[in-house]
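Okay, query.cif now, which holds mmCIF, C-alpha atoms and all ligand atoms:
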```cif
data_final
loop_
_atom_site.label_atom_id
_atom_site.label_comp_id
_atom_site.auth_asym_id
_atom_site.auth_seq_id
_atom_site.Cartn_x
_atom_site.Cartn_y
_atom_site.Cartn_z
CA MET K 1431 -14.13 34.21 29.69
CA LEU K 1432 -16.70 33.61 26.99
CA ARG K 1433 -13.97 32.56 24.63
CA ARG K 1434 -12.68 30.06 27.17
CA LEU K 1435 -16.15 28.60 27.57
CA LEU K 1436 -16.55 28.39 23.81
CA ARG K 1437 -13.23 26.63 23.47
CA ARG K 1438 -14.23 24.13 26.10
CA CYS K 1439 -17.55 23.50 24.38
CA LEU K 1440 -15.85 22.93 21.05
CA ARG K 1441 -13.41 20.48 22.57
CA ALA K 1442 -16.10 18.64 24.49
CA SER K 1443 -18.64 18.18 21.73
CA PRO K 1444 -17.42 18.55 18.17
CA TRP K 1445 -19.91 17.59 15.50
CA ILE K 1446 -18.77 15.48 12.61
CA TYR K 1447 -19.84 15.37 9.02
CA HIS K 1448 -18.69 12.31 7.08
CA LEU K 1449 -17.93 12.83 3.40
CA HIS K 1450 -17.39 9.75 1.27
CA CYS K 1451 -15.76 10.62 -2.01
CA GLY K 1452 -15.06 7.54 -4.06
CA GLY K 1453 -13.24 5.04 -1.83
CA CYS K 1454 -13.81 1.31 -1.65
CA ASN K 1455 -16.00 1.69 1.48
CA GLY K 1456 -13.37 0.03 3.71
CA CYS K 1457 -12.64 3.24 5.54
CA ASP K 1458 -16.33 4.05 5.85
CA ILE K 1459 -16.99 0.70 7.49
CA GLU K 1460 -14.18 1.36 9.96
CA PHE K 1461 -15.64 4.80 10.61
CA ALA K 1462 -19.04 3.22 11.17
CA ALA K 1463 -17.36 0.84 13.63
CA CYS K 1464 -16.14 3.90 15.53
CA LEU K 1465 -19.71 5.09 15.90
CA ALA K 1466 -21.01 1.68 16.96
CA PRO K 1467 -20.98 0.55 20.62
CA ARG K 1468 -17.67 -1.29 20.44
CA PHE K 1469 -15.56 1.87 20.00
CA ASP K 1470 -18.26 4.46 20.60
CA ILE K 1471 -16.75 7.87 19.86
CA GLU K 1472 -19.76 9.49 21.49
CA ARG K 1473 -17.91 8.88 24.75
CA PHE K 1474 -15.69 11.78 23.74
CA GLY K 1475 -18.64 13.92 22.73
CA PHE K 1476 -18.43 13.44 18.97
CA LEU K 1477 -21.75 13.48 17.21
CA LEU K 1478 -22.44 12.55 13.63
CA VAL K 1479 -24.58 15.14 11.89
CA THR K 1480 -26.29 14.90 8.55
CA SER K 1481 -25.53 18.34 7.19
CA PRO K 1482 -22.15 20.00 6.68
CA ARG K 1483 -23.69 23.27 7.83
CA HIS K 1484 -23.93 21.88 11.37
CA ALA K 1485 -20.49 20.34 11.49
CA ASP K 1486 -17.20 21.36 13.09
CA ILE K 1487 -15.11 18.47 11.80
CA LEU K 1488 -15.20 17.25 8.22
CA VAL K 1489 -14.17 13.61 7.86
CA VAL K 1490 -13.13 12.71 4.31
CA THR K 1491 -12.54 9.16 3.08
CA GLY K 1492 -11.46 7.84 -0.28
CA PRO K 1493 -9.56 9.26 -3.23
CA VAL K 1494 -11.57 12.05 -4.77
CA SER K 1495 -13.03 11.01 -8.09
CA LYS K 1496 -12.87 13.72 -10.74
CA GLN K 1497 -16.61 13.94 -10.98
CA TYR K 1498 -16.94 14.52 -7.27
CA ALA K 1499 -14.16 17.09 -6.90
CA PRO K 1500 -16.38 20.20 -7.16
CA MET K 1501 -18.72 18.77 -4.52
CA VAL K 1502 -15.83 18.34 -2.08
CA LYS K 1503 -14.95 22.00 -2.42
CA ARG K 1504 -18.59 22.99 -2.01
CA VAL K 1505 -19.08 20.88 1.10
CA TYR K 1506 -15.88 22.30 2.57
CA GLU K 1507 -17.15 25.83 2.02
CA GLN K 1508 -20.47 24.94 3.64
CA VAL K 1509 -18.81 23.93 6.93
CA PRO K 1510 -18.84 26.96 9.24
CA LYS K 1511 -15.59 28.28 10.72
CA PRO K 1512 -13.65 27.15 12.73
CA LYS K 1513 -13.34 23.85 10.93
CA VAL K 1514 -10.93 20.96 10.91
CA VAL K 1515 -10.59 18.45 8.08
CA VAL K 1516 -9.59 14.86 8.86
CA ALA K 1517 -8.44 12.65 5.98
CA ILE K 1518 -9.01 8.98 6.77
CA GLY K 1519 -7.24 6.22 4.86
CA ALA K 1520 -4.26 6.02 2.55
CA CYS K 1521 -6.50 7.13 -0.32
CA ALA K 1522 -7.53 10.41 1.23
CA CYS K 1523 -4.03 11.09 2.60
CA SER K 1524 -2.08 10.59 -0.60
CA GLY K 1525 -4.04 8.77 -3.27
CA GLY K 1526 -3.06 5.37 -1.89
CA ILE K 1527 -3.30 2.50 -4.35
CA TRP K 1528 -4.89 4.78 -6.94
CA HIS K 1529 -1.94 7.13 -7.04
CA GLU K 1530 -0.52 7.40 -10.54
CA GLU K 1531 1.88 10.01 -11.73
CA ASP K 1532 2.70 9.25 -15.30
CA PRO K 1533 0.19 8.90 -16.94
CA GLU K 1534 -2.23 10.48 -14.51
CA ASN K 1535 -5.22 8.41 -13.41
CA TYR K 1536 -8.17 9.08 -15.71
CA ALA K 1537 -10.81 9.16 -12.98
CA ILE K 1538 -9.13 10.00 -9.70
CA VAL K 1539 -7.80 13.33 -8.47
CA GLY K 1540 -5.68 11.70 -5.74
CA SER K 1541 -5.23 13.03 -2.26
CA VAL K 1542 -7.85 15.28 -0.72
CA ASP K 1543 -5.29 17.97 0.15
CA GLN K 1544 -5.01 18.89 -3.49
CA LEU K 1545 -8.50 20.35 -3.19
CA ILE K 1546 -9.01 21.45 0.39
CA PRO K 1547 -6.55 22.03 3.28
CA VAL K 1548 -6.33 18.89 5.43
CA ASP K 1549 -5.36 19.23 9.10
CA ILE K 1550 -5.18 15.64 10.35
CA TYR K 1551 -4.00 12.63 8.37
CA VAL K 1552 -4.88 9.08 9.43
CA PRO K 1553 -3.04 6.72 7.06
CA GLY K 1554 -3.74 3.00 6.75
CA CYS K 1555 -5.85 0.95 4.40
CA PRO K 1556 -8.19 0.98 6.21
CA PRO K 1557 -6.96 2.49 9.49
CA LYS K 1558 -8.10 0.74 12.65
CA PRO K 1559 -10.90 2.37 14.64
CA GLU K 1560 -8.32 3.18 17.32
CA ALA K 1561 -6.33 5.18 14.79
CA ILE K 1562 -9.46 7.03 13.72
CA ILE K 1563 -10.25 7.85 17.35
CA ASN K 1564 -6.69 9.19 17.78
CA GLY K 1565 -7.14 11.35 14.71
CA LEU K 1566 -10.51 12.68 15.82
CA ILE K 1567 -9.25 13.57 19.29
CA LYS K 1568 -6.33 15.43 17.73
CA ALA K 1569 -8.83 17.20 15.50
CA ALA K 1570 -10.98 18.20 18.49
CA LEU K 1571 -7.94 19.63 20.29
CA GLN K 1572 -6.93 21.54 17.19
CA LEU K 1573 -10.47 22.84 16.81
CA ALA K 1574 -10.40 24.23 20.34
CA GLU K 1575 -7.07 25.89 19.65
CA ALA K 1576 -8.24 27.38 16.37
CA ARG K 1577 -10.92 29.34 18.17
CA MET E 418 -35.77 -22.52 37.91
CA GLU E 419 -35.89 -21.49 34.28
CA VAL E 420 -37.20 -18.11 35.23
CA VAL E 421 -34.32 -17.53 37.67
CA LYS E 422 -31.78 -18.54 35.03
CA LEU E 423 -33.40 -16.25 32.52
CA ALA E 424 -33.42 -13.41 35.02
CA ILE E 425 -29.71 -13.91 35.75
CA ARG E 426 -28.90 -13.91 32.05
CA LEU E 427 -30.93 -10.81 31.50
CA LEU E 428 -29.18 -9.07 34.36
CA LYS E 429 -25.77 -10.11 32.99
CA ASN E 430 -26.66 -8.84 29.54
CA THR E 431 -27.85 -5.58 30.96
CA LEU E 432 -24.70 -5.05 32.99
CA HIS E 433 -22.36 -6.14 30.18
CA VAL E 434 -20.51 -3.24 28.59
CA GLU E 435 -19.46 -3.78 25.01
CA THR E 436 -17.55 -0.54 24.60
CA ILE E 437 -13.78 -0.76 24.91
CA PRO E 438 -12.41 2.20 26.89
CA TYR E 439 -9.95 2.81 24.09
CA PRO E 440 -7.16 5.09 25.22
CA SER E 441 -6.74 3.11 28.45
CA LYS E 442 -7.33 -0.32 26.89
CA ARG E 443 -6.76 -1.70 23.39
CA ALA E 444 -9.13 -3.99 21.51
CA PRO E 445 -7.96 -7.61 21.34
CA PRO E 446 -6.46 -8.40 17.93
CA PRO E 447 -8.63 -10.31 15.47
CA ILE E 448 -8.13 -14.06 15.30
CA PHE E 449 -6.48 -14.19 11.89
CA THR E 450 -3.68 -11.70 12.50
CA PHE E 451 -1.86 -10.39 15.51
CA GLU E 452 -1.52 -6.79 14.52
CA LEU E 453 -3.01 -4.78 11.73
CA LEU E 454 -1.48 -1.66 10.24
CA ARG E 455 2.24 -2.19 10.17
CA TYR E 456 4.70 -0.28 8.06
CA PRO E 457 7.90 -1.51 6.44
CA SER E 458 11.19 -0.34 7.85
CA ARG E 459 14.20 -0.90 5.67
CA ASP E 460 17.56 -2.01 7.02
CA GLU E 461 19.93 0.18 5.03
CA GLU E 462 22.94 -2.07 5.67
CA LYS E 463 21.25 -5.24 4.50
CA CYS E 464 19.47 -3.80 1.44
CA ILE E 465 21.27 -4.53 -1.83
CA GLY E 466 19.16 -2.23 -3.96
CA CYS E 467 17.58 -4.90 -6.18
CA GLY E 468 14.33 -2.94 -6.47
CA SER E 469 12.01 -5.92 -6.00
CA CYS E 470 10.12 -4.10 -3.26
CA ALA E 471 9.35 -1.21 -5.60
CA HIS E 472 8.19 -3.50 -8.42
CA HIS E 473 5.90 -5.47 -6.11
CA CYS E 474 4.51 -2.57 -4.10
CA SER E 475 0.71 -2.56 -4.24
CA GLY E 476 0.27 1.11 -3.56
CA LYS E 477 3.28 2.58 -5.38
CA ALA E 478 4.46 3.71 -1.96
CA THR E 479 7.96 2.45 -2.69
CA TYR E 480 9.35 3.55 -6.01
CA LEU E 481 12.68 3.81 -7.77
CA GLU E 482 14.41 6.76 -9.30
CA GLU E 483 17.65 6.74 -11.24
CA ASP E 484 19.78 9.77 -10.66
CA GLY E 485 23.00 9.63 -12.69
CA ASP E 486 24.97 6.70 -11.32
CA ARG E 487 22.91 6.37 -8.17
CA LEU E 488 19.71 4.44 -7.59
CA VAL E 489 17.32 6.12 -5.17
CA ILE E 490 14.68 4.02 -3.42
CA ARG E 491 11.92 6.28 -2.16
CA PHE E 492 9.18 5.42 0.30
CA VAL E 493 6.09 7.53 1.03
CA LYS E 494 4.50 6.43 4.26
CA ALA E 495 1.13 8.07 3.66
CA ARG E 496 0.68 6.03 0.49
CA CYS E 497 1.62 2.69 2.06
CA ILE E 498 -1.28 0.35 2.79
CA GLY E 499 0.73 -1.95 5.05
CA CYS E 500 0.20 -5.06 2.92
CA GLY E 501 3.66 -6.48 3.58
CA ARG E 502 4.40 -7.59 0.03
CA CYS E 503 7.70 -5.73 0.03
CA SER E 504 8.86 -7.53 3.13
CA GLU E 505 7.72 -10.86 1.68
CA ILE E 506 9.55 -10.40 -1.61
CA CYS E 507 12.86 -8.97 -0.35
CA PRO E 508 15.60 -11.53 -1.19
CA VAL E 509 17.85 -10.52 1.71
CA GLU E 510 15.09 -9.94 4.27
CA ALA E 511 16.04 -6.32 4.76
CA ILE E 512 12.46 -5.15 5.40
CA GLU E 513 10.76 -5.63 8.70
CA MET E 514 7.12 -4.74 9.30
CA LYS E 515 6.84 -2.54 12.37
CA GLN E 516 4.01 -0.86 14.22
CA PRO E 517 4.10 2.91 13.89
CA GLN E 518 4.45 5.11 16.95
CA LEU E 519 1.77 7.48 15.78
CA PHE E 520 -1.55 6.55 14.21
CA ALA E 521 -2.68 10.03 13.26
CA TYR E 522 -0.54 12.88 12.03
CA THR E 523 -1.03 16.59 11.93
CA ARG E 524 0.31 18.37 8.88
CA GLU E 525 3.62 19.09 10.62
CA GLU E 526 4.03 15.57 11.95
CA LEU E 527 3.53 13.90 8.59
CA PRO E 528 6.74 11.95 7.99
CA PRO E 529 8.86 13.07 5.03
CA GLU E 530 9.73 10.78 2.17
CA GLU E 531 12.30 8.16 3.16
CA THR E 532 15.13 7.81 0.71
CA LEU E 533 17.87 5.26 0.36
CA THR E 534 20.67 5.76 -2.15
CA LYS E 535 22.67 2.93 -3.68
CA PRO E 536 25.62 3.46 -6.05
CA LEU E 537 25.24 1.95 -9.50
CA GLN E 538 27.96 -0.04 -11.25
CA ARG E 539 29.17 1.58 -14.46
CA CYS E 540 30.10 -0.57 -17.42
CA CYS E 541 33.85 -0.31 -17.92
CA VAL E 542 33.51 -0.45 -21.74
CA CYS E 543 30.49 1.64 -22.72
CA GLY E 544 30.13 3.59 -19.47
CA THR E 545 26.41 3.14 -18.85
CA PRO E 546 25.30 2.45 -15.27
CA PHE E 547 23.46 -0.88 -15.22
CA ALA E 548 22.92 -2.29 -11.71
CA PRO E 549 23.64 -1.47 -8.06
CA GLN E 550 27.14 -2.60 -7.04
CA GLN E 551 25.88 -4.52 -4.04
CA LEU E 552 23.35 -6.38 -6.20
CA VAL E 553 26.05 -7.46 -8.64
CA ASP E 554 28.22 -8.76 -5.80
CA GLU E 555 25.29 -10.55 -4.19
CA ALA E 556 24.23 -12.14 -7.50
CA ILE E 557 27.78 -13.43 -8.15
CA ALA E 558 28.01 -14.81 -4.61
CA LYS E 559 24.64 -16.58 -5.03
CA ALA E 560 25.63 -18.01 -8.43
CA LEU E 561 28.93 -19.40 -7.10
CA GLU E 562 27.43 -20.69 -3.86
CA LYS E 563 26.43 -24.16 -5.03
CA LEU E 564 29.09 -24.79 -7.68
CA GLU E 565 31.69 -27.51 -7.44
CA GLU E 566 35.09 -27.98 -9.01
CA PRO E 567 36.16 -27.66 -11.82
CA LEU E 568 33.40 -25.18 -12.72
CA TYR E 569 33.91 -23.10 -9.58
CA THR E 570 37.46 -22.00 -10.40
CA SER E 571 36.84 -21.15 -14.05
CA MET E 572 33.52 -19.43 -13.37
CA SER E 573 34.80 -17.32 -10.49
CA LYS E 574 37.66 -16.18 -12.75
CA ASP E 575 35.12 -15.21 -15.42
CA TYR E 576 32.85 -13.43 -12.97
CA ALA E 577 35.73 -11.28 -11.80
CA LYS E 578 35.97 -10.02 -15.40
CA LEU E 579 32.21 -9.84 -15.99
CA ARG E 580 31.49 -7.84 -12.85
CA ASP E 581 32.28 -4.53 -14.52
CA LEU E 582 30.47 -5.23 -17.81
CA CYS E 583 26.90 -4.34 -18.65
CA PRO E 584 24.69 -7.15 -20.09
CA SER E 585 24.96 -6.03 -23.72
CA CYS E 586 28.74 -5.59 -23.58
CA ARG E 587 28.96 -9.00 -21.92
CA LYS E 588 27.41 -10.60 -25.00
CA LYS E 589 29.43 -8.59 -27.48
CA LEU E 590 32.79 -9.17 -25.83
CA SER E 591 32.40 -12.75 -24.66
CA LEU E 592 34.76 -14.11 -27.34
CA VAL E 593 37.30 -11.30 -26.99
CA MET E 594 37.54 -11.62 -23.22
CA GLY E 595 37.34 -15.41 -23.22
CA THR E 596 34.19 -15.57 -21.12
CA HIS E 597 31.99 -17.45 -23.59
CA PRO E 598 30.12 -20.16 -21.66
CA VAL E 599 30.81 -22.89 -24.25
CA LYS E 600 34.04 -23.77 -22.47
CA TYR E 601 32.13 -24.82 -19.33
CA ILE E 602 30.46 -27.60 -21.30
CA LYS E 603 33.83 -28.79 -22.52
CA GLU E 604 35.17 -28.74 -18.98
CA VAL E 605 32.25 -30.73 -17.59
CA ILE E 606 32.58 -33.31 -20.35
CA LYS E 607 36.31 -33.57 -19.68
CA ALA E 608 35.71 -34.00 -15.95
CA ASP E 609 33.08 -36.71 -16.54
CA ALA E 610 35.27 -38.70 -18.89
S1 LIG L 1601 -7.70 3.69 2.08
FE1 LIG L 1601 -8.03 1.55 1.51
S2 LIG L 1601 -9.88 0.97 2.65
FE2 LIG L 1601 -9.83 3.23 2.63
S3 LIG L 1601 -11.05 3.82 0.85
FE3 LIG L 1601 -8.90 3.68 0.17
S4 LIG L 1601 -8.68 1.58 -0.64
FE4 LIG L 1601 -10.56 1.64 0.61
S1 LIG L 1602 3.67 -2.65 2.77
FE1 LIG L 1602 2.69 -2.86 0.74
S2 LIG L 1602 2.13 -0.76 0.15
FE2 LIG L 1602 3.59 -0.57 1.86
S3 LIG L 1602 5.60 -0.33 0.84
FE3 LIG L 1602 5.33 -2.53 1.24
S4 LIG L 1602 4.42 -3.37 -0.66
FE4 LIG L 1602 4.16 -1.12 -0.72
S1 LIG L 1603 13.69 -5.84 -2.05
FE1 LIG L 1603 15.04 -5.70 -0.22
S2 LIG L 1603 17.13 -5.69 -1.07
FE2 LIG L 1603 15.75 -5.24 -2.80
S3 LIG L 1603 15.67 -2.97 -2.87
FE3 LIG L 1603 13.94 -3.64 -1.57
S4 LIG L 1603 14.77 -3.61 0.54
FE4 LIG L 1603 16.53 -3.52 -0.84
#
```
Go through the file and emit its structure as C-alpha cells.
Ligand code: SF4
Ligand code: SF4
Ligand code: SF4
Amino acid sequence: MLRRLLRRCLRASPWIYHLHCGGCNGCDIEFAACLAPRFDIERFGFLLVTSPRHADILVVTGPVSKQYAPMVKRVYEQVPKPKVVVAIGACACSGGIWHEEDPENYAIVGSVDQLIPVDIYVPGCPPKPEAIINGLIKAALQLAEAR
Amino acid sequence: MEVVKLAIRLLKNTLHVETIPYPSKRAPPPIFTFELLRYPSRDEEKCIGCGSCAHHCSGKATYLEEDGDRLVIRFVKARCIGCGRCSEICPVEAIEMKQPQLFAYTREELPPEETLTKPLQRCCVCGTPFAPQQLVDEAIAKALEKLEEPLYTSMSKDYAKLRDLCPSCRKKLSLVMGTHPVKYIKEVIKADA
C-alpha cells in the first residue's frame, strides 16, 4: 500500500538535477526551453532542483571533459536512490562529434556511460524539446518501477 | 474606445496559452526547415561502397573498416548528429534522411551498430584488394558515359583489362598490356585529320 503510494508519488513528481559537463551549451538551451512556458515540463510534475541531494533524475549533457570526470562521479553518488540518469545529446550518449578512437581525444572522456550507468539516451545534436520530454517521461516511469 | 480596446487585448493576452500540449500536439516546425533531427538510412542495393559518406561525416558516426577483402561501412546512430552531409555527398543518392520512430531510448532499446559489407576487388597481378567491385564498375560506366567514337571502342576494351588491376600495377603494366593512354591521342589526331 505504502509502496504503491510512493511509486505513484515518484512518477507524478520527479525532481531533476541538471549537470552540464563540457558541451557546447546547445543541449542546455534546449533543456531550458523544456522548462520555459512553451514546452513546460512542469505539466508532468518535473521540478528542477539546485542540489543533486534533492534529485531523483540526473540529466547529463555534453561530453565529459577529463577535468570534470571526477565531479560527475561525485554528483552521481550524491543523488539518493532510486535514481535514473538521462543522457541528453549525441555528446552525452556516445561522444558525438568529439568522439575519437585513435588517437584518443586529449581533453574529452567521451560518452557519460563510461563513468556512470545511464538509463535513458536521448540522441540528437541538440535533441528537440519534444525528444527531451519523451526521455524524461520514460525516466519517470522507470523511476517508479525501480522502487 | 481606447480603453475598451486595451481591455480586450489584455483579456486576450491573459487567456492565451503559450504551452503546447506536447504528447497530443506537436510544435510547428521552425521557418527555415521542415523537420529537425533526421537520421540517414542507407539503401543497401544502391550503395556502391565508395566511402564518401564516411570521409565527410561530421561526427564520425559513419566509418569504414577493412576486413580482408571486404569493406565494412559502420554506422552508430547515437553518435550521429543528423547534419545530412552524408546524404548530400553520396554520388548515387543511396542515403535518405528519415525521421526516427523513437526519440528517446532505454539501454535495451538503443539501436545496435548498422553494418553494410561490400566485397573488394582483388588485383589479379599482385593480389591486394584495392576498391569495392561495385565502385569500380560504376566508375567505368561513368567514364564511358560521355565518350564518342573512336575513343569509346578502344577505351572500353582497355577498361575491361584494367578492371582487375590495382592502380600501381596499372602503371607498371601499361606497356605490357597495351593500355598506355598515348594511343588515344594518336587515335584522336587520326580521326581529326
Ligand atoms: S550534442 Fe551537440 S548540441 Fe549537445 S552539447 Fe553536444 S555538440 Fe552541443
Ligand atoms: S547525418 Fe551527419 S553525422 Fe549523421 S552519419 Fe550523416 S554525415 Fe555523419
Ligand atoms: S556515399 Fe553513398 S555510395 Fe558511397 S559508401 Fe556512402 S552510401 Fe554508399
Could the residues that lie within 7 Å of ligand LIG 1601 (chain L), counting only C-alpha atoms and all ligand atoms, be listed as an NGL selection string? (:K and (1453-1457 or 1491-1493 or 1519-1522 or 1526-1527 or 1554-1556)) or (:E and (498))
May I ask you to write as a ChimeraX atom specification all residues lying at most 6 Å from ligand LIG 1603 (chain L), with all atoms listed in the file counted? /E:459,464-470,507-509,511-512
Write to file, as a PDB file, in the coordinates of the input, the residues of the selection just made, with C-alpha atoms.
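Output (out_16.pdb):
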```
ATOM      1  CA  ARG E 459      14.200  -0.900   5.670  1.00  0.00           C
ATOM      2  CA  CYS E 464      19.470  -3.800   1.440  1.00  0.00           C
ATOM      3  CA  ILE E 465      21.270  -4.530  -1.830  1.00  0.00           C
ATOM      4  CA  GLY E 466      19.160  -2.230  -3.960  1.00  0.00           C
ATOM      5  CA  CYS E 467      17.580  -4.900  -6.180  1.00  0.00           C
ATOM      6  CA  GLY E 468      14.330  -2.940  -6.470  1.00  0.00           C
ATOM      7  CA  SER E 469      12.010  -5.920  -6.000  1.00  0.00           C
ATOM      8  CA  CYS E 470      10.120  -4.100  -3.260  1.00  0.00           C
ATOM      9  CA  CYS E 507      12.860  -8.970  -0.350  1.00  0.00           C
ATOM     10  CA  PRO E 508      15.600 -11.530  -1.190  1.00  0.00           C
ATOM     11  CA  VAL E 509      17.850 -10.520   1.710  1.00  0.00           C
ATOM     12  CA  ALA E 511      16.040  -6.320   4.760  1.00  0.00           C
ATOM     13  CA  ILE E 512      12.460  -5.150   5.400  1.00  0.00           C
TER      14      ILE E 512
END
```
Could you give me, as CSV, every chain E residue with an atom at most 7 Å from ligand LIG 1602 (chain L), plus its closest atom pair and distance in Å to one decimal, counting all atoms listed in the file, rows ordered by chain then number?
```
residue,atom,partner,partner_atom,distance
E:Tyr456,CA,L:LIG1602,S1,5.9
E:Pro457,CA,L:LIG1602,S1,5.7
E:Cys470,CA,L:LIG1602,S4,6.3
E:His473,CA,L:LIG1602,S4,6.0
E:Cys474,CA,L:LIG1602,S4,3.5
E:Ser475,CA,L:LIG1602,S2,5.0
E:Gly476,CA,L:LIG1602,S2,4.6
E:Lys477,CA,L:LIG1602,FE4,6.0
E:Ala478,CA,L:LIG1602,FE4,5.0
E:Thr479,CA,L:LIG1602,S3,5.1
E:Phe492,CA,L:LIG1602,S3,6.8
E:Arg496,CA,L:LIG1602,S2,7.0
E:Cys497,CA,L:LIG1602,FE2,3.8
E:Ile498,CA,L:LIG1602,S2,4.5
E:Gly499,CA,L:LIG1602,S1,3.8
E:Cys500,CA,L:LIG1602,FE1,4.0
E:Gly501,CA,L:LIG1602,S1,3.9
E:Arg502,CA,L:LIG1602,S4,4.3
E:Cys503,CA,L:LIG1602,S4,4.1
E:Ser504,CA,L:LIG1602,FE3,6.4
```
Could you name the residues that touch Pro546 in chain E at 7 Å or less, counting only C-alpha atoms, but leaving out those on the same chain fewer than 5 positions away, as a ChimeraX atom specification? /E:486,537-540
Can you measure CA of Leu1545 in chain K to CA of Cys1464 in chain K for me? One decimal in Å is fine.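 Those two atoms sit 26.1 Å apart.
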Please compute the CA of Ile1538 in chain K-CA of Arg491 in chain E distance, one decimal, in Å.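 Value for the CA of Ile1538 in chain K-CA of Arg491 in chain E distance: 22.7 Å.
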Point (-19.0, -2.8, 21.5), cut-off 8 Å, counting all atoms listed in the file, residues as a list of chain:residue names: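 All residues meeting the 8 Å criterion around (-19.0, -2.8, 21.5) are K:Ala1466, K:Pro1467, K:Arg1468, K:Phe1469, K:Asp1470, E:Val434, E:Glu435, E:Thr436, E:Ile437.
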Write the residues of the selection above to a file with C-alpha atoms, as a PDB file, keeping the file's coordinate frame.
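Heads up, here's the output in part-v4.pdb:
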```
ATOM      1  CA  ALA K1466     -21.010   1.680  16.960  1.00  0.00           C
ATOM      2  CA  PRO K1467     -20.980   0.550  20.620  1.00  0.00           C
ATOM      3  CA  ARG K1468     -17.670  -1.290  20.440  1.00  0.00           C
ATOM      4  CA  PHE K1469     -15.560   1.870  20.000  1.00  0.00           C
ATOM      5  CA  ASP K1470     -18.260   4.460  20.600  1.00  0.00           C
TER       6      ASP K1470
ATOM      7  CA  VAL E 434     -20.510  -3.240  28.590  1.00  0.00           C
ATOM      8  CA  GLU E 435     -19.460  -3.780  25.010  1.00  0.00           C
ATOM      9  CA  THR E 436     -17.550  -0.540  24.600  1.00  0.00           C
ATOM     10  CA  ILE E 437     -13.780  -0.760  24.910  1.00  0.00           C
TER      11      ILE E 437
END
```
One decimal, in Å: what's the spacing between CA of Leu1488 in chain K and CA of Ala1442 in chain K? 16.4 Å
At most 12 Å to chain E: residues in chain K, all atoms listed in the file, as a ChimeraX atom specification: /K:1463-1474,1493,1514-1532,1540-1541,1543,1547-1569,1571-1572
Which residue, E:Ile425, E:Ile490, E:Cys583, E:Ile606, has the smallest gap to Thr534 in chain E when you use all atoms listed in the file?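 Looking only at the distances to Thr534 in chain E, the closest residue turns out to be E:Ile490.
Considering the residues K:Val1505, K:Cys1451, K:Leu1436, K:Ala1570 and counting only C-alpha atoms, Thr1480 in chain K has its shortest atom-to-atom contact with K:Val1505.
For the set K:Arg1433, K:Glu1534, K:Val1539, K:Cys1439, the residue with the smallest atom-to-atom gap to Gly1452 in chain K is K:Val1539, counting all atoms listed in the file.
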Counting all atoms listed in the file, find the residues whose atoms lie at most 12 Å from (34.8, -16.1, -13.0) (file coordinates) and write them out as a list in words.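 Returned residue set, sorted by chain then number, is Ile557, Ala558, Ala560, Leu561, Leu564, Pro567, Leu568, Tyr569, Thr570, Ser571, Met572, Ser573, Lys574, Asp575, Tyr576, Ala577, Lys578, Leu579, Arg580, Asp581, Met594, Gly595, Thr596, His597, Pro598 and Tyr601 of chain E.
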